[in-house]
Every structure is written in C-alpha cells, then in structure tokens.
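Shown below: input.cif, with mmCIF, C-alpha atoms (C1' of nucleotides).
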data_protein
#
loop_
_atom_site.label_atom_id
_atom_site.label_comp_id
_atom_site.auth_asym_id
_atom_site.auth_seq_id
_atom_site.Cartn_x
_atom_site.Cartn_y
_atom_site.Cartn_z
CA MET X 1 12.59 -8.60 21.61
CA ASP X 2 12.99 -5.10 22.93
CA SER X 3 10.56 -4.65 25.78
CA LYS X 4 10.71 -0.89 25.41
CA ILE X 5 9.24 -1.17 21.97
CA VAL X 6 6.52 -3.54 23.00
CA ASN X 7 5.69 -1.18 25.78
CA LEU X 8 5.63 1.62 23.26
CA ARG X 9 3.06 -0.11 21.13
CA THR X 10 0.89 -1.22 23.99
CA LYS X 11 0.97 2.01 25.85
CA LEU X 12 0.64 4.41 22.99
CA ASN X 13 -1.59 2.58 20.56
CA ILE X 14 0.80 3.18 17.76
CA PHE X 15 -1.25 1.18 15.36
CA LYS X 16 -4.76 2.07 16.31
CA ALA X 17 -6.10 5.16 14.70
CA THR X 18 -9.17 5.86 12.66
CA SER X 19 -10.79 2.54 13.33
CA ASN X 20 -13.42 2.29 16.03
CA GLY X 21 -14.31 5.91 15.51
CA ALA X 22 -11.08 7.29 16.90
CA ASN X 23 -9.30 10.23 15.37
CA ILE X 24 -5.90 9.89 13.78
CA ALA X 25 -4.66 12.39 16.35
CA ASP X 26 -5.01 9.67 18.93
CA CYS X 27 -1.93 8.05 17.46
CA PRO X 28 1.02 10.26 18.34
CA VAL X 29 3.29 8.71 15.79
CA ARG X 30 1.01 9.27 12.87
CA ASP X 31 -0.05 12.67 14.05
CA VAL X 32 3.39 14.10 14.58
CA MET X 33 4.96 12.27 11.68
CA GLN X 34 2.77 14.19 9.30
CA GLY X 35 4.97 17.15 10.01
CA VAL X 36 7.99 15.20 8.86
CA ASN X 37 6.14 13.53 6.04
CA GLY X 38 5.93 16.55 3.81
CA LYS X 39 8.29 16.49 0.89
CA TRP X 40 10.09 19.59 2.12
CA SER X 41 9.55 19.65 5.88
CA SER X 42 12.71 17.91 7.02
CA LEU X 43 14.77 19.87 4.55
CA LEU X 44 13.49 23.19 5.86
CA MET X 45 13.91 22.05 9.45
CA ALA X 46 17.53 21.25 8.68
CA ALA X 47 18.00 24.65 7.12
CA LEU X 48 16.45 26.56 10.01
CA ALA X 49 18.31 24.45 12.55
CA GLU X 50 21.42 25.99 11.08
CA GLN X 51 20.28 29.58 11.56
CA PRO X 52 17.25 31.80 10.99
CA TYR X 53 16.52 32.54 7.37
CA ARG X 54 14.32 34.86 5.39
CA PHE X 55 11.83 33.71 2.81
CA GLY X 56 13.98 34.50 -0.19
CA GLU X 57 17.05 32.99 1.40
CA LEU X 58 15.23 29.73 1.90
CA ARG X 59 14.15 29.78 -1.73
CA ARG X 60 17.75 30.12 -2.80
CA LEU X 61 18.90 27.42 -0.38
CA VAL X 62 16.40 24.97 -1.80
CA PRO X 63 16.44 25.86 -5.46
CA ASP X 64 13.82 23.42 -6.62
CA ILE X 65 11.08 24.25 -4.15
CA SER X 66 8.21 26.25 -5.56
CA GLN X 67 7.23 29.37 -3.68
CA ARG X 68 3.81 27.86 -3.15
CA MET X 69 5.24 24.84 -1.38
CA LEU X 70 7.69 26.98 0.59
CA THR X 71 4.86 29.14 1.86
CA GLN X 72 2.67 26.18 2.65
CA THR X 73 5.34 24.09 4.35
CA LEU X 74 6.51 26.99 6.51
CA HIS X 75 2.91 27.66 7.42
CA ASP X 76 2.39 24.04 8.46
CA LEU X 77 5.62 23.99 10.47
CA GLN X 78 4.53 27.17 12.17
CA ARG X 79 1.15 25.71 12.96
CA ASP X 80 2.76 22.67 14.54
CA GLY X 81 4.81 24.99 16.73
CA PHE X 82 8.16 24.14 15.20
CA VAL X 83 8.83 27.41 13.42
CA HIS X 84 8.53 31.02 14.55
CA ARG X 85 7.63 33.65 11.98
CA GLU X 86 8.71 37.20 12.62
CA VAL X 87 7.74 40.10 10.39
CA PHE X 88 10.00 43.16 10.30
CA PRO X 89 8.09 46.25 9.17
CA THR X 90 10.85 47.43 6.91
CA LYS X 91 10.33 48.69 3.41
CA PRO X 92 10.07 46.41 1.57
CA PRO X 93 9.01 44.14 4.40
CA SER X 94 11.11 41.16 5.40
CA VAL X 95 10.10 38.03 7.24
CA GLU X 96 12.42 35.87 9.25
CA TYR X 97 11.80 32.24 10.08
CA SER X 98 13.49 30.47 12.98
CA LEU X 99 13.04 27.34 15.03
CA THR X 100 11.10 27.50 18.26
CA ASP X 101 12.22 25.58 21.33
CA LEU X 102 9.82 22.85 20.34
CA GLY X 103 11.24 22.87 16.84
CA ARG X 104 14.79 22.59 18.10
CA SER X 105 13.72 19.76 20.34
CA MET X 106 12.09 17.96 17.44
CA PHE X 107 15.07 18.53 15.23
CA GLY X 108 17.27 16.89 17.83
CA ALA X 109 15.47 13.65 17.04
CA LEU X 110 15.15 14.32 13.35
CA HIS X 111 18.85 15.04 13.22
CA GLN X 112 19.59 11.43 14.12
CA LEU X 113 17.69 10.32 11.07
CA ILE X 114 19.45 12.83 8.85
CA LEU X 115 22.85 11.71 10.07
CA TRP X 116 21.83 8.12 9.53
CA ALA X 117 20.74 8.95 6.00
CA GLU X 118 24.07 10.51 5.20
CA ILE X 119 26.12 7.65 6.59
CA ASN X 120 24.04 4.87 5.10
CA HIS X 121 23.01 6.45 1.86
CA GLY X 122 25.35 4.21 -0.08
CA ALA X 123 24.02 1.06 1.54
CA VAL X 124 20.47 1.99 0.68
CA ARG X 125 21.35 2.72 -2.92
CA GLU X 126 23.17 -0.58 -3.19
CA ALA X 127 20.20 -2.44 -1.74
CA ARG X 128 17.95 -0.84 -4.31
CA ALA X 129 20.28 -1.68 -7.16
CA ALA X 130 20.56 -5.29 -6.02
CA PHE X 131 16.80 -5.54 -5.65
CA ASP X 132 16.15 -4.07 -9.06
CA ALA X 133 18.74 -6.30 -10.66
CA GLY X 134 17.95 -9.70 -9.25
CA GLY X 135 14.77 -9.50 -7.26
CA MET B 1 25.11 28.07 15.68
CA ASP B 2 25.94 24.40 15.62
CA SER B 3 29.01 23.95 13.48
CA LYS B 4 28.21 20.29 12.99
CA ILE B 5 25.05 21.21 11.19
CA VAL B 6 26.70 23.79 9.01
CA ASN B 7 29.28 21.21 8.14
CA LEU B 8 26.46 18.84 7.34
CA ARG B 9 24.94 21.17 4.81
CA THR B 10 28.20 22.15 3.20
CA LYS B 11 29.62 18.71 3.02
CA LEU B 12 26.55 16.82 1.98
CA ASN B 13 24.72 19.27 -0.21
CA ILE B 14 21.54 18.74 1.70
CA PHE B 15 19.71 21.31 -0.28
CA LYS B 16 21.04 20.80 -3.75
CA ALA B 17 19.19 18.24 -5.76
CA THR B 18 17.58 18.32 -9.12
CA SER B 19 18.93 21.70 -10.10
CA ASN B 20 22.05 21.90 -12.27
CA GLY B 21 21.24 18.53 -13.76
CA ALA B 22 21.88 16.51 -10.64
CA ASN B 23 19.71 13.65 -9.55
CA ILE B 24 17.66 13.75 -6.38
CA ALA B 25 19.65 10.73 -5.23
CA ASP B 26 22.59 13.07 -4.80
CA CYS B 27 20.89 14.44 -1.72
CA PRO B 28 21.05 11.73 0.95
CA VAL B 29 18.41 13.35 3.07
CA ARG B 30 15.80 13.52 0.38
CA ASP B 31 16.68 10.14 -1.03
CA VAL B 32 16.53 8.19 2.20
CA MET B 33 13.69 10.21 3.67
CA GLN B 34 11.41 8.98 0.94
CA GLY B 35 11.39 5.68 2.75
CA VAL B 36 10.12 7.36 5.89
CA ASN B 37 7.82 9.67 4.02
CA GLY B 38 5.30 7.06 3.09
CA LYS B 39 2.10 7.22 5.07
CA TRP B 40 2.67 3.74 6.49
CA SER B 41 6.44 3.20 6.38
CA SER B 42 7.36 4.30 9.87
CA LEU B 43 4.39 2.47 11.32
CA LEU B 44 5.41 -0.80 9.69
CA MET B 45 9.02 -0.27 10.69
CA ALA B 46 7.88 0.13 14.28
CA ALA B 47 5.84 -3.04 14.04
CA LEU B 48 8.63 -5.11 12.55
CA ALA B 49 11.16 -3.69 15.00
CA GLU B 50 9.09 -5.40 17.64
CA GLN B 51 9.25 -8.82 16.03
CA PRO B 52 8.83 -10.49 12.64
CA TYR B 53 5.28 -10.59 11.41
CA ARG B 54 3.35 -12.26 8.65
CA PHE B 55 1.28 -10.42 6.10
CA GLY B 56 -2.05 -11.05 7.76
CA GLU B 57 -0.71 -10.23 11.20
CA LEU B 58 0.43 -6.84 9.96
CA ARG B 59 -2.99 -6.23 8.52
CA ARG B 60 -4.55 -6.89 11.88
CA LEU B 61 -1.96 -4.75 13.68
CA VAL B 62 -2.71 -1.79 11.43
CA PRO B 63 -6.43 -2.13 10.95
CA ASP B 64 -6.90 0.79 8.62
CA ILE B 65 -4.24 -0.02 6.08
CA SER B 66 -5.50 -1.37 2.81
CA GLN B 67 -3.96 -4.59 1.55
CA ARG B 68 -2.79 -2.71 -1.50
CA MET B 69 -0.83 -0.22 0.58
CA LEU B 70 0.51 -2.95 2.86
CA THR B 71 1.85 -4.87 -0.12
CA GLN B 72 3.30 -1.80 -1.72
CA THR B 73 4.90 -0.36 1.40
CA LEU B 74 6.48 -3.68 2.34
CA HIS B 75 7.76 -3.96 -1.20
CA ASP B 76 9.34 -0.53 -1.02
CA LEU B 77 10.89 -1.20 2.37
CA GLN B 78 12.28 -4.43 1.02
CA ARG B 79 13.73 -2.64 -1.97
CA ASP B 80 15.46 -0.12 0.27
CA GLY B 81 17.04 -3.00 2.14
CA PHE B 82 15.17 -2.39 5.40
CA VAL B 83 12.91 -5.42 5.36
CA HIS B 84 13.58 -9.07 4.64
CA ARG B 85 10.84 -11.15 3.04
CA GLU B 86 10.86 -14.89 3.60
CA VAL B 87 8.43 -17.25 1.93
CA PHE B 88 7.63 -20.52 3.66
CA PRO B 89 6.36 -23.10 1.16
CA THR B 90 3.64 -24.33 3.46
CA LYS B 91 0.11 -24.97 2.39
CA PRO B 92 -1.36 -22.46 2.28
CA PRO B 93 1.85 -20.47 1.86
CA SER B 94 2.95 -18.02 4.51
CA VAL B 95 5.31 -15.08 4.23
CA GLU B 96 7.24 -13.59 7.08
CA TYR B 97 8.60 -10.07 7.15
CA SER B 98 11.45 -9.00 9.40
CA LEU B 99 13.93 -6.17 9.68
CA THR B 100 17.35 -6.55 8.13
CA ASP B 101 20.45 -5.28 9.91
CA LEU B 102 20.18 -2.13 7.85
CA GLY B 103 16.54 -1.82 8.83
CA ARG B 104 17.32 -2.22 12.50
CA SER B 105 20.04 0.38 12.16
CA MET B 106 17.66 2.78 10.49
CA PHE B 107 14.98 2.16 13.07
CA GLY B 108 17.47 3.07 15.77
CA ALA B 109 17.36 6.61 14.42
CA LEU B 110 13.67 6.55 13.57
CA HIS B 111 12.94 5.37 17.08
CA GLN B 112 14.21 8.66 18.46
CA LEU B 113 11.64 10.48 16.42
CA ILE B 114 8.87 8.12 17.49
CA LEU B 115 9.74 8.59 21.14
CA TRP B 116 9.84 12.33 20.63
CA ALA B 117 6.44 12.21 19.00
CA GLU B 118 4.96 10.38 21.94
CA ILE B 119 6.43 12.68 24.56
CA ASN B 120 5.65 15.92 22.76
CA HIS B 121 2.39 15.01 21.14
CA GLY B 122 0.49 17.19 23.55
CA ALA B 123 2.68 20.20 22.92
CA VAL B 124 2.19 19.89 19.19
CA ARG B 125 -1.56 19.61 19.54
CA GLU B 126 -1.62 22.66 21.78
CA ALA B 127 0.47 24.61 19.31
CA ARG B 128 -1.98 23.77 16.58
CA ALA B 129 -4.96 24.73 18.67
CA ALA B 130 -3.36 28.05 19.59
CA PHE B 131 -2.47 28.74 15.98
CA ASP B 132 -5.94 27.92 14.74
CA ALA B 133 -7.54 30.02 17.45
CA GLY B 134 -5.61 33.24 17.36
CA GLY B 135 -3.21 33.11 14.45
"C1'" DC U 1 10.33 41.08 -0.81
"C1'" DA U 2 6.99 37.98 0.58
"C1'" DG U 3 3.27 36.30 -0.26
"C1'" DC U 4 -2.02 34.84 -2.09
"C1'" DA U 5 -5.08 33.15 -5.93
"C1'" DT U 6 -6.02 30.32 -9.66
"C1'" DC U 7 -5.57 26.61 -12.89
"C1'" DC U 8 -4.34 22.17 -13.76
"C1'" DC U 9 -2.49 17.64 -13.55
"C1'" DT U 10 -0.09 13.79 -11.50
"C1'" DC U 11 -0.18 10.04 -8.52
"C1'" DC U 12 -1.15 8.46 -3.81
"C1'" DG U 13 -3.98 5.60 -1.92
"C1'" DG U 14 -8.90 3.47 -1.03
"C1'" DA U 15 -12.52 -0.03 -2.70
"C1'" DT U 16 -13.48 -3.96 -5.00
"C1'" DA U 17 -12.83 -8.22 -7.47
"C1'" DC U 18 -9.93 -11.95 -8.83
"C1'" DT U 19 -5.64 -15.66 -8.56
"C1'" DG U 20 -1.85 -19.39 -6.93
"C1'" DC M 1 -3.08 -17.01 3.08
"C1'" DA M 2 -0.88 -13.71 0.42
"C1'" DG M 3 -1.04 -11.54 -2.78
"C1'" DT M 4 -2.20 -9.15 -8.17
"C1'" DA M 5 -5.37 -6.22 -11.26
"C1'" DT M 6 -8.38 -2.53 -12.15
"C1'" DC M 7 -10.93 1.49 -11.37
"C1'" DC M 8 -11.29 5.94 -9.43
"C1'" DG M 9 -11.63 10.15 -6.28
"C1'" DG M 10 -9.03 13.53 -3.88
"C1'" DA M 11 -5.01 15.47 -2.08
"C1'" DG M 12 -0.29 17.06 -3.30
"C1'" DG M 13 2.14 19.98 -5.68
"C1'" DG M 14 3.92 22.69 -10.15
"C1'" DA M 15 3.29 27.07 -13.22
"C1'" DT M 16 1.71 31.40 -13.78
"C1'" DG M 17 -0.08 35.92 -12.62
"C1'" DC M 18 -1.35 39.44 -9.22
"C1'" DT M 19 -0.90 42.27 -4.53
"C1'" DG M 20 0.82 45.21 -0.26
#
Could you render the structure as structure tokens?
Amino acid sequence: MDSKIVNLRTKLNIFKATSNGANIADCPVRDVMQGVNGKWSSLLMAALAEQPYRFGELRRLVPDISQRMLTQTLHDLQRDGFVHREVFPTKPPSVEYSLTDLGRSMFGALHQLILWAEINHGAVREARAAFDAGG
Amino acid sequence: MDSKIVNLRTKLNIFKATSNGANIADCPVRDVMQGVNGKWSSLLMAALAEQPYRFGELRRLVPDISQRMLTQTLHDLQRDGFVHREVFPTKPPSVEYSLTDLGRSMFGALHQLILWAEINHGAVREARAAFDAGG
DNA sequence: CAGCATCCCTCCGGATACTG
DNA sequence: CAGTATCCGGAGGGATGCTG
C-alpha cells in the first residue's frame, strides 16, 4: 500500500464533500476535476498547449464541437484561470485564446493522462471487447 | 512551441473524431477520457489505488454517492479494464473491487492530476473569484 | 469574425423500493 | 451484503437565428 496515497486521502479529504454541510469545493480533486470533466475541456487544453488559437481556428480544429459549447468551455477554462482571452480591436474583431501559466502547469499533469491514453488505447478497447463478449 | 505536442496532434488525430464518418473511438483522448469524465470515476480510482475495497466500504468512503452510481461507475471501470471484481461466495456474499494492472498504470497518470489539483486548488479558486468579481 | 439568445431534447444521476 | 428496477427532475449540450 502506497503511503503517499493514504496520506493524500487523509490529509486532503478526497472523499468527503457535500456531506456534513461542507461544500464540494472543499474537496480539491472534485473541484478541480470539474474543469477536466467537460466533454471538450481536455481537448481544448491540448489544442492551446500547442499554440494560441483564435475562435474560428479552434472550431476548425475540433470539427464536431458546436459553437455554443466552444464558447462555454473556453469561458469556463478562462474562469478557472487556465486560459487567457485577448481581444484585438481589428475590423472585424479577432480574439485569441492562449494558456496561462496556471493552464500550462495544469496541462503538464493532464499531458501525462493524454499520453497514457494514446499508448494504452488499444488495451482499453480490448478490455471492453472482452467484457462485452464474455462478461 | 513543444514539438512533442504538435507531433501528438498530427500523429494521433486528437481532434478528429466523428466527422468524415469516423468513430469517436478513433480519438484516443476522447475515448479513454470518458472513463475519467464520470463524476465519480477518478474518486473511485483513487480509493481503489489505496487498497481493494468492498461495495459497502466504498459507499462509506464516498458518503454522497448513490448506490446506483456506485454500481454503474464500478461497472464501467470494470468494462474498461481498470477494475477487477471478485465475488466471494460467503453468506451473505461479499464482492471485492481492486485495480487491475491496467488500472494501476492509468492511475499513475491520473495521480499526477490529482496531486496537481491538491497543490493548485487555491490558485484555481482565486482565479474563479477574480473572474466572478471583475470579469 | 466571434459571439449571445432561444428552443428543445437527451441522458446523467438522485430517490425510493424491491431481490438473491 | 450487494446489488437490480423504476421513476423523475435538472443539467448538458445540439440546432438555429440574430448581433456588434
């Protein structure tokens, strides 16, 4: 048993949240994970980790995101301090999105998960197939 | 610009998915992230990374999860090959859940994000407060 | 170009009651 | 103890149309 993990649970109250009148924000994991939880968040983080992009460019990069969800997800990422939004008063106006320092820091961790997903994608698919086949 | 990340996008088609007739499973990030995306998945992974637990123990560890969601999330994690489910034919029966090798491997990456969340929770909350206050 | 507003619907997930 | 079954409200998210 990894003592670091036990310490993590004990010290940070990973599991305690809304019970006993506490707010969900008291649980760092749940609170911060909500940023990653969105259907598009990690995808947009990966895109902006590459380089800054404008609104329309992001739409083209992620063809099947609706403009509503793009707006909303970028807004949420901005609110969490991960994304910086810069408006250039050109005509027509253009808006550029980029990662903040906090965003880059967060993506450093998220990146590990993305790399893992790429490497082990096949294993996960096989596990699913086996599960669906035999039980 | 990090060439590794550019390579990631190009090579793995992070952003392409359901367009041009492809399945979402063609995008490793989206496909695997769905496991993490669940409201309870990462929490249960963290719990089981600590040690194997039985159904009722998990309920007590995560007081505000409904038994429906606990069943369903464990089922999904099992299907993805992250969690092993072992039934002991005792009376009354007991079921133990533990991480598989694949699950432990995945949690290695997820753990980075959890640690990040703990360390930077304050920064995220401050960013939100600032955003909500001034825009 | 970069969005906000509106409508609408799916499905996530909670509450409750019942089984092996 | 460890689940299934059913009902149901609300958030998530798509489609469309309009603005600065």
Sphere at (11.0, 41.8, 1.3), radius 12 Å, counting only C-alpha atoms (C1' of nucleotides): residues as a PyMOL selection string: (chain X and resi 54-57+87-96) or (chain U and resi 1-3) or (chain M and resi 20)
Close residues, DT6 of chain U itself excluded, 10 Å, all atoms listed in the file, min 2 positions apart in chain, as an mmCIF file with C-alpha atoms (C1' of nucleotides), in the frame of the given file:
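The resulting around-v8.cif:
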data_model
loop_
_atom_site.group_PDB
_atom_site.id
_atom_site.type_symbol
_atom_site.label_atom_id
_atom_site.label_comp_id
_atom_site.auth_asym_id
_atom_site.auth_seq_id
_atom_site.Cartn_x
_atom_site.Cartn_y
_atom_site.Cartn_z
ATOM 1 C "C1'" DC U 4 -2.020 34.840 -2.090
ATOM 2 C "C1'" DC U 8 -4.340 22.170 -13.760
ATOM 3 C "C1'" DT M 16 1.710 31.400 -13.780
ATOM 4 C "C1'" DG M 17 -0.080 35.920 -12.620
#
Spatial neighbours of DG10 of chain M, 10 Å, all atoms listed in the file, chain gap at least 2 places, as a ChimeraX atom specification: /U:12-13 /M:8,12
Using all atoms listed in the file, which residues sit within 10 Å of DA5 of chain M once same-chain residues fewer than 4 positions away are excluded, as a tab-separated table (two decimals) with C-alpha atoms (C1' of nucleotides), keeping the file's coordinate frame?
chain	number	residue	atom	x	y	z
U	17	DA	C1'	-12.83	-8.22	-7.47
U	18	DC	C1'	-9.93	-11.95	-8.83
U	19	DT	C1'	-5.64	-15.66	-8.56
Reference answer for the PyMOL selection byres ((chain M) within 10 of (chain B)), as number ranges by chain: M: 1-4
